[in-house]
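Chemist: Okay, here's the structure, questions in a sec.
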2 protein chains.
Amino acid sequence: MAQPRYRQIASELRDQITSGALREGDRLPTEPQLQERYRASRNTVRDATALLVNEGLVQRVPGRGGGMIVRRRVTLTFHAHRAEMPARPTAETDAWRSEVVAQGYEASQDFSLTIKSLSSDLAERLHVEPDSGAVLRRCVRYVNGQPSSLQDTYYPIDLAEEIRELLSPKDIPQGTTKLLADRGHEQVAYYDEYISRMPTPEETNLLGLQPGTAILLHIRTGYTEHRPIRVSFNIFAGDRNQIVTTHGDTRIIAKFRPAEAPE
Amino acid sequence: MAQPRYRQIASELRDQITSGALREGDRLPTEPQLQERYRASRNTVRDATALLVNEGLVQRVPGRGGGMIVRRRVTLTFHAHRAEMPARPTAETDAWRSEVVAQGYEASQDFSLTIKSLSSDLAERLHVEPDSGAVLRRCVRYVNGQPSSLQDTYYPIDLAEEIRELLSPKDIPQGTTKLLADRGHEQVAYYDEYISRMPTPEETNLLGLQPGTAILLHIRTGYTEHRPIRVSFNIFAGDRNQIVTTHGDTRIIAKFRPAEAPE
DNA sequence: CAGTGGTCTAGACCACGCG
DNA sequence: GCGTGGTCTAGACCACTGG
């Protein structure tokens, strides 16, 4: 028995899930049932199921009629290249909303605005002095009423003073990218970072994440011809989102993936 | 006490980490010390530290001289757009290796080859019949001797029969992208997917992942003018990697991020 | 009310590895 | 050797929620 007891139990249950014997939404045996089946104490059984929870396979639901159920994976696809490319100045919020709707879901957003002092990390990205001011525009995005992703965008304070709409605590109808372009700050280059990590407690709350859910962090820095003018942190709940981009001749891709046709 | 005990303990320790009172590599108090400090049983203390472990903040090291230490985050940056763009037929393996070396680390790889039958998901991506054959070329990539990422690339079997080198169970010096281009299969479009999730047990073993480590999955489908010819699954250990791409006028980005200058 | 998981205790023995 | 975390047991009381 090289493997400890709780790992053996977890493996058996995991195999039942990956093999399809247990499907999405199905219930695992209850803890007392597992205790009896494996002749183990409750803590051992819980150690086993805790592994599955942290792998994102299973969700625990307390209360009568609850239990441990196999998690569902509904994946929303977000096209990072469609929103706000230089040649296609679509509104970024509209881009997200229309993607959601096109995939058959209902979209809504919560918006908020804060004035902040920039951390050294952010100041470096925006190429300004540390502790200089910035406008933080936060947008929590809901799919079918469930929080799905979160966008934090920082603009240097001097830009916001020039373009006062950035200070308005509500959504900008045509999208900020278009607004900035109309006012002579066209973004002509993007620096994109993709990072996978576990959420902070704040992110867990804002996105309503289950234990065992990673986040997909997409950091986009936008540049005009002269300087960086904004950094966006897109935080996606990893169990409900993926990001897609394309390069090269997209007509070929559309031929084999009809859903990718650029409208 | 709305918050349970173990969450309070976890919060205090987490704050010490995020505030900098505990730095990367530092040791947390031992379990007996935490029991005494918080007057809690060992299991409660372990529930608390388990949270930190699953958040990827802390690593447990058994044995005398071990303990619980704040995890280090060494981030390797991988430029998804540099490798194998149509206009820049750099060898993909060389591209990865040179990135690692440029960032001051030592690079090595383990290569293996398998002939497989395609799952329906993969068959769809490659636009061939389900259960048709494919060559799987796997490359486990090490940074400073530590496994860092994993690349699984699938080629349709008919392509491998035309280009026999794909069946050779070793690395292709000039890179497969260049090889395919030289033989009349130039990739002119890419479909990229980015996904964040917890690892499977197999991935955990191959990459030597700690609990609480998510993976960053980058799926790239390459197309010639006529059809998809390969799917690559790049699986990155989330605690040691990020992916970067750029769009638009990269000279501007290079001006503000000198490290991004295209060599 | 009854059954689910959530939290917590107080013990026990073990494997590992530095000193 | 001996202190670290790894595993496991046998209990207890609680909060929640469907029937």
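All residue names refer to the structure tokens as shown: chains lettered A, B, ... in order, residues numbered from 1 in each chain, ligands numbered from 1 in order.
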Please identify every residue of chain A that has at least one atom no more than 8 Å from any atom of chain D, counting only C-alpha atoms (C1' of nucleotides), and report them as JSON, numbers by chain.

Modeler: {"A": [4, 41, 43, 44, 62, 63, 64, 65]}

Chemist: At a cut-off of 9 Å, which residues of chain B touch chain A? Count only C-alpha atoms and give the answer as a ChimeraX atom specification.

Modeler: /B:54-56,81,85-86,125-127,187-200,211-217,223-228,236-239,241-253,255-257

Chemist: I'd like a table as a Markdown table: residues in chain C with an atom no more than 6 Å from chain A, each row giving the shortest atom pair and its distance in Å to one decimal, only C-alpha atoms (C1' of nucleotides) counted, sorted by chain and rising residue number.

Modeler:
```
| residue | atom | partner | partner_atom | distance |
| --- | --- | --- | --- | --- |
| C:DG3 | C1' | A:Arg64 | CA | 5.4 |
| C:DT4 | C1' | A:Gly63 | CA | 4.4 |
| C:DG5 | C1' | A:Pro62 | CA | 4.5 |
```

Chemist: Report, in Å to a single decimal, how far apart atom CA of Val140 of chain A and atom CA of Leu179 of chain A are.

Modeler: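 Computed distance, atom CA of Leu179 of chain A to atom CA of Val140 of chain A, equals 20.6 Å.
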
Chemist: In Å, rounded to a single decimal, give me how far atom CA of Arg138 of chain B is from atom CA of Phe233 of chain B.

Modeler: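 A separation of 9.4 Å between them.
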